[in-house]
Amino acid sequence: MYIDGKRIQLYPRPPHATVSIITHRQDFVKMDEYLELYYAEYAVTFLKPKALNFEDSWQQVFNQMNLQFHKTKRSIYYECIAFGGNSEFWEGMSNENRLRYFNWCYEFAINYIGYNGTDKNIMFAYVLDRENRHILEVYYLPVTKTRRRKVYSHERSPSGGYLQAKDLDGNFIYEYAHSSQPHLSHYQFWIERGGQTAYSSLQEDFYQQVAENYHVKRGESISPTWYTCNAQKRRYKRYEGDEYDQLYLPDDD
């Protein structure tokens with residue numbers, strides 16, 4: 001409910017810490033405007049400085065790493081891993097302890113999304129402090145050395161080209177090869193981190209390595225089991241077709 005324009009929480013909530021992934025296409029100018037607005041209005045602490053505008057920051061990492069990038073209309077150019085928490089999580093936490101927490105989150109980010117455990121693919125990172133809301137945003141390029149290639153069959157299309165092979169279930173077949181040159185690929189980046197369960201694994205690893213040390217609570221997973229990593233399945237006692245999966249089943253016609 002709201003009183004005098006302010007949101008009032010009627011029931012106490014347990015504190016919880018959060019991590020999320022935001023993907024971006026080629027929206028450099030829009031992001032510069034977004035960041036300038038926030039820098040002017042709120043307190044900002046950089047954990048990795050941003051010395052250039054957004055496009056130049058992206059290009060600098062791209063050039064320094066000598067990346068390959070096969071652009072399409074749907075290409076992801078960069079991502080943001082964001083760490084935060086609800087207002088209850090921040091209650092009683094000093095500025096010093098809050099910065100220590102975000103430094104811990106940043107180390108987690110480097111180990112999780114950093115190229116070979118380094119910050120080479122990270123453009124910049126900053127902590128944004130607002131009233132009752134604090135967030136760490138780490139902007140990076142999803143870089144990998146594994147390339148996905150199509151496997152072709154001996155069948156030909158009407159135009160004469162070879163058709164991509166399919167497995168017994170009718171799914172297209174791919175092979176994966178190690179490349180000597182790193183390349184920018186959102187898809188392959190997250191395949192290496194679990195594929196369909198990649199974001200679930202991220203949430204679980206962050207909880208076990210960072211958030212649990214702050215004695216925070218986590219709500220039960222309501223993602224379908226095929227999007228839930230094994231660690232979450234065990235902890236939440238999830239199984240295929242349980243009450244949470246039922247929420248995602250289509251209504252009968």
# chains A, B, ... in the order shown; residues from 1 in each chain; ligands from 1

call {"tool": "residues_around", "arguments": {"residues": "region 65-67 of chain A", "least_positions_apart": "4", "cutoff": "10 Å", "atoms": "only C-alpha atoms", "output": "PDB file with N, CA, C and O atoms, in the first residue's frame"}}
result
ATOM      1  N   GLN A  59      34.662  -0.792 -27.939  1.00  0.00           N
ATOM      2  CA  GLN A  59      35.625  -0.978 -29.017  1.00  0.00           C
ATOM      3  C   GLN A  59      37.030  -1.220 -28.476  1.00  0.00           C
ATOM      4  O   GLN A  59      37.804  -2.000 -29.041  1.00  0.00           O
ATOM      5  N   GLN A  60      37.359  -0.578 -27.364  1.00  0.00           N
ATOM      6  CA  GLN A  60      38.675  -0.757 -26.768  1.00  0.00           C
ATOM      7  C   GLN A  60      38.888  -2.208 -26.324  1.00  0.00           C
ATOM      8  O   GLN A  60      39.929  -2.808 -26.614  1.00  0.00           O
ATOM      9  N   VAL A  61      37.894  -2.777 -25.639  1.00  0.00           N
ATOM     10  CA  VAL A  61      37.994  -4.177 -25.227  1.00  0.00           C
ATOM     11  C   VAL A  61      38.036  -5.085 -26.451  1.00  0.00           C
ATOM     12  O   VAL A  61      38.832  -6.031 -26.517  1.00  0.00           O
ATOM     13  N   TYR A 115      37.004 -13.299 -18.588  1.00  0.00           N
ATOM     14  CA  TYR A 115      37.711 -14.140 -19.556  1.00  0.00           C
ATOM     15  C   TYR A 115      38.888 -14.816 -18.864  1.00  0.00           C
ATOM     16  O   TYR A 115      39.823 -14.146 -18.422  1.00  0.00           O
ATOM     17  N   LYS A 120      39.709  -8.810 -18.386  1.00  0.00           N
ATOM     18  CA  LYS A 120      40.031  -8.318 -19.724  1.00  0.00           C
ATOM     19  C   LYS A 120      38.787  -7.980 -20.536  1.00  0.00           C
ATOM     20  O   LYS A 120      38.789  -7.039 -21.329  1.00  0.00           O
ATOM     21  N   ASN A 121      37.725  -8.765 -20.383  1.00  0.00           N
ATOM     22  CA  ASN A 121      36.506  -8.546 -21.169  1.00  0.00           C
ATOM     23  C   ASN A 121      35.510  -7.630 -20.459  1.00  0.00           C
ATOM     24  O   ASN A 121      34.400  -7.418 -20.947  1.00  0.00           O
ATOM     25  N   VAL A 143      32.805 -13.367 -23.902  1.00  0.00           N
ATOM     26  CA  VAL A 143      33.888 -13.844 -24.764  1.00  0.00           C
ATOM     27  C   VAL A 143      34.169 -15.315 -24.496  1.00  0.00           C
ATOM     28  O   VAL A 143      34.190 -15.764 -23.345  1.00  0.00           O
ATOM     29  N   THR A 144      34.374 -16.073 -25.563  1.00  0.00           N
ATOM     30  CA  THR A 144      34.653 -17.503 -25.452  1.00  0.00           C
ATOM     31  C   THR A 144      35.648 -17.915 -26.526  1.00  0.00           C
ATOM     32  O   THR A 144      35.829 -17.205 -27.522  1.00  0.00           O
ATOM     33  N   LYS A 145      36.288 -19.066 -26.319  1.00  0.00           N
ATOM     34  CA  LYS A 145      37.184 -19.618 -27.336  1.00  0.00           C
ATOM     35  C   LYS A 145      36.586 -20.862 -27.992  1.00  0.00           C
ATOM     36  O   LYS A 145      37.248 -21.534 -28.779  1.00  0.00           O
ATOM     37  N   GLN A 181      41.620 -18.007 -31.457  1.00  0.00           N
ATOM     38  CA  GLN A 181      41.258 -16.596 -31.309  1.00  0.00           C
ATOM     39  C   GLN A 181      39.919 -16.471 -30.592  1.00  0.00           C
ATOM     40  O   GLN A 181      38.941 -17.096 -31.000  1.00  0.00           O
ATOM     41  N   PRO A 182      39.847 -15.701 -29.507  1.00  0.00           N
ATOM     42  CA  PRO A 182      38.573 -15.558 -28.792  1.00  0.00           C
ATOM     43  C   PRO A 182      37.546 -14.822 -29.642  1.00  0.00           C
ATOM     44  O   PRO A 182      37.895 -14.016 -30.506  1.00  0.00           O
ATOM     45  N   HIS A 183      36.280 -15.118 -29.400  1.00  0.00           N
ATOM     46  CA  HIS A 183      35.238 -14.435 -30.148  1.00  0.00           C
ATOM     47  C   HIS A 183      34.077 -14.083 -29.236  1.00  0.00           C
ATOM     48  O   HIS A 183      33.900 -14.653 -28.156  1.00  0.00           O
ATOM     49  N   LEU A 184      33.304 -13.122 -29.679  1.00  0.00           N
ATOM     50  CA  LEU A 184      32.170 -12.604 -28.930  1.00  0.00           C
ATOM     51  C   LEU A 184      30.932 -13.395 -29.309  1.00  0.00           C
ATOM     52  O   LEU A 184      30.496 -13.379 -30.453  1.00  0.00           O
TER      53      LEU A 184
END

call {"tool": "select_by_dssp", "arguments": {"residues": "region 3-239 of chain A", "states": "strand (DSSP E or B)", "output": "PyMOL selection string"}}
result
chain A and resi 3+6-7+17-24+43-48+68+78-85+122-130+133-140+143-150+152-156+162-164+166+172+174-184

call {"tool": "closest_atom_pairs", "arguments": {"of": "region 96-191 of chain A", "to": "region 13-25 of chain A", "cutoff": "10 Å", "atoms": "only C-alpha atoms", "output": "CSV"}}
result
residue,atom,partner,partner_atom,distance
A:Cys105,CA,A:Val19,CA,9.2
A:Ala109,CA,A:Val19,CA,10.0
A:Ile135,CA,A:Thr18,CA,9.4
A:Leu136,CA,A:Val19,CA,9.4
A:Glu137,CA,A:Ser20,CA,9.7
A:Val138,CA,A:Ile21,CA,9.7
A:Tyr139,CA,A:Ile22,CA,9.3
A:Tyr140,CA,A:Thr23,CA,10.0
A:Leu141,CA,A:Thr23,CA,10.0
A:Pro142,CA,A:Thr23,CA,9.9
A:His186,CA,A:Thr23,CA,8.6

call {"tool": "closest_residue", "arguments": {"among": "A:Ser200, A:Leu128, A:Arg74, A:Ile113", "to": "Phe46 (chain A)", "atoms": "only C-alpha atoms"}}
result
A:Leu128

call {"tool": "select_by_dssp", "arguments": {"residues": "region 109-235 of chain A", "states": "alpha helix (DSSP H)", "output": "ChimeraX atom specification"}}
result
/A:109-113,186-191,198-209,230-235

call {"tool": "write_last_selection", "arguments": {"atoms": "N, CA and C atoms", "output": "compact mmCIF listing (two decimals), in the first residue's frame"}}
result
# COMPACT_ATOMS: atom_id res chain seq x y z
N ALA A 109 32.04 -11.94 -9.91
CA ALA A 109 31.78 -11.66 -11.33
C ALA A 109 33.00 -11.97 -12.18
N ILE A 110 34.18 -11.56 -11.73
CA ILE A 110 35.41 -11.81 -12.49
C ILE A 110 35.61 -13.31 -12.68
N ASN A 111 35.39 -14.08 -11.63
CA ASN A 111 35.57 -15.53 -11.71
C ASN A 111 34.49 -16.19 -12.57
N TYR A 112 33.29 -15.58 -12.61
CA TYR A 112 32.17 -16.22 -13.30
C TYR A 112 32.06 -15.81 -14.76
N ILE A 113 32.16 -14.52 -15.04
CA ILE A 113 31.98 -14.06 -16.43
C ILE A 113 33.27 -13.50 -17.03
N HIS A 186 27.26 -14.44 -27.22
CA HIS A 186 26.37 -14.59 -26.08
C HIS A 186 25.88 -16.04 -25.97
N TYR A 187 25.49 -16.62 -27.08
CA TYR A 187 24.93 -17.98 -27.07
C TYR A 187 25.94 -18.99 -26.53
N GLN A 188 27.13 -19.01 -27.14
CA GLN A 188 28.13 -20.00 -26.74
C GLN A 188 28.64 -19.74 -25.33
N PHE A 189 28.72 -18.47 -24.95
CA PHE A 189 29.17 -18.07 -23.61
C PHE A 189 28.32 -18.75 -22.54
N TRP A 190 26.99 -18.74 -22.74
CA TRP A 190 26.09 -19.30 -21.73
C TRP A 190 25.89 -20.80 -21.91
N ILE A 191 26.14 -21.35 -23.10
CA ILE A 191 26.17 -22.80 -23.28
C ILE A 191 27.25 -23.39 -22.38
N ALA A 198 21.76 -22.34 -17.23
CA ALA A 198 22.87 -21.44 -16.94
C ALA A 198 22.50 -20.37 -15.92
N TYR A 199 21.34 -19.72 -16.09
CA TYR A 199 20.97 -18.65 -15.17
C TYR A 199 20.62 -19.21 -13.79
N SER A 200 20.05 -20.40 -13.77
CA SER A 200 19.77 -21.05 -12.50
C SER A 200 21.07 -21.38 -11.78
N SER A 201 22.07 -21.85 -12.52
CA SER A 201 23.38 -22.15 -11.93
C SER A 201 24.03 -20.88 -11.40
N LEU A 202 23.90 -19.79 -12.14
CA LEU A 202 24.43 -18.51 -11.69
C LEU A 202 23.81 -18.12 -10.35
N GLN A 203 22.49 -18.20 -10.25
CA GLN A 203 21.80 -17.85 -9.02
C GLN A 203 22.27 -18.73 -7.86
N GLU A 204 22.40 -20.02 -8.12
CA GLU A 204 22.79 -20.96 -7.07
C GLU A 204 24.23 -20.74 -6.63
N ASP A 205 25.13 -20.55 -7.58
CA ASP A 205 26.53 -20.32 -7.24
C ASP A 205 26.70 -19.03 -6.45
N PHE A 206 25.98 -17.99 -6.85
CA PHE A 206 26.07 -16.73 -6.12
C PHE A 206 25.55 -16.89 -4.70
N TYR A 207 24.47 -17.63 -4.56
CA TYR A 207 23.91 -17.86 -3.23
C TYR A 207 24.91 -18.60 -2.33
N GLN A 208 25.51 -19.66 -2.87
CA GLN A 208 26.41 -20.48 -2.07
C GLN A 208 27.73 -19.79 -1.78
N GLN A 209 28.25 -19.02 -2.74
CA GLN A 209 29.57 -18.43 -2.58
C GLN A 209 29.56 -17.06 -1.90
N ASN A 230 20.82 -28.81 -11.01
CA ASN A 230 20.67 -29.93 -10.08
C ASN A 230 20.77 -29.49 -8.63
N ALA A 231 21.65 -28.51 -8.33
CA ALA A 231 21.80 -28.05 -6.95
C ALA A 231 20.50 -27.43 -6.44
N GLN A 232 19.82 -26.66 -7.30
CA GLN A 232 18.55 -26.08 -6.89
C GLN A 232 17.47 -27.15 -6.77
N LYS A 233 17.47 -28.11 -7.66
CA LYS A 233 16.48 -29.19 -7.58
C LYS A 233 16.57 -29.91 -6.23
N ARG A 234 17.82 -30.20 -5.81
CA ARG A 234 18.00 -30.90 -4.55
C ARG A 234 17.57 -30.02 -3.37
N ARG A 235 17.95 -28.74 -3.41
CA ARG A 235 17.67 -27.88 -2.27
C ARG A 235 16.19 -27.56 -2.16

call {"tool": "closest_residue", "arguments": {"among": "A:Gln196, A:Ser185, A:Asn86, A:Asn213", "to": "Glu131 (chain A)", "atoms": "only C-alpha atoms"}}
result
A:Asn86

call {"tool": "residues_around", "arguments": {"residues": "Leu163 (chain A)", "least_positions_apart": "6", "cutoff": "8 Å", "atoms": "only C-alpha atoms", "output": "PyMOL selection string"}}
result
chain A and resi 152-157

call {"tool": "write_last_selection", "arguments": {"atoms": "C-alpha atoms", "output": "PDB file, in the first residue's frame"}}
result
ATOM      1  CA  TYR A 152      25.756 -30.975 -42.669  1.00  0.00           C
ATOM      2  CA  SER A 153      24.094 -34.070 -44.079  1.00  0.00           C
ATOM      3  CA  HIS A 154      24.487 -35.512 -47.563  1.00  0.00           C
ATOM      4  CA  GLU A 155      21.021 -34.299 -48.535  1.00  0.00           C
ATOM      5  CA  ARG A 156      20.671 -31.245 -50.724  1.00  0.00           C
ATOM      6  CA  SER A 157      18.130 -28.444 -50.807  1.00  0.00           C
TER       7      SER A 157
END

call {"tool": "atom_distance", "arguments": {"atom1": "CA of His70 (chain A)", "atom2": "CA of Phe124 (chain A)"}}
result
23.5 Å

call {"tool": "residues_around", "arguments": {"residues": "Met31 (chain A)", "least_positions_apart": "3", "cutoff": "12 Å", "atoms": "only C-alpha atoms", "output": "PyMOL selection string"}}
result
chain A and resi 24-28+34-38+53-55+57-58+78-80+139

call {"tool": "closest_residue", "arguments": {"among": "A:Tyr162, A:Phe172, A:Tyr239, A:Phe89", "to": "Thr225 (chain A)", "atoms": "only C-alpha atoms"}}
result
A:Tyr239

call {"tool": "atom_distance", "arguments": {"atom1": "CA of Ala51 (chain A)", "atom2": "CA of Leu99 (chain A)"}}
result
21.3 Å

call {"tool": "closest_residue", "arguments": {"among": "A:Ile76, A:Met93, A:Ala125, A:Leu168", "to": "Tyr106 (chain A)", "atoms": "only C-alpha atoms"}}
result
A:Ala125
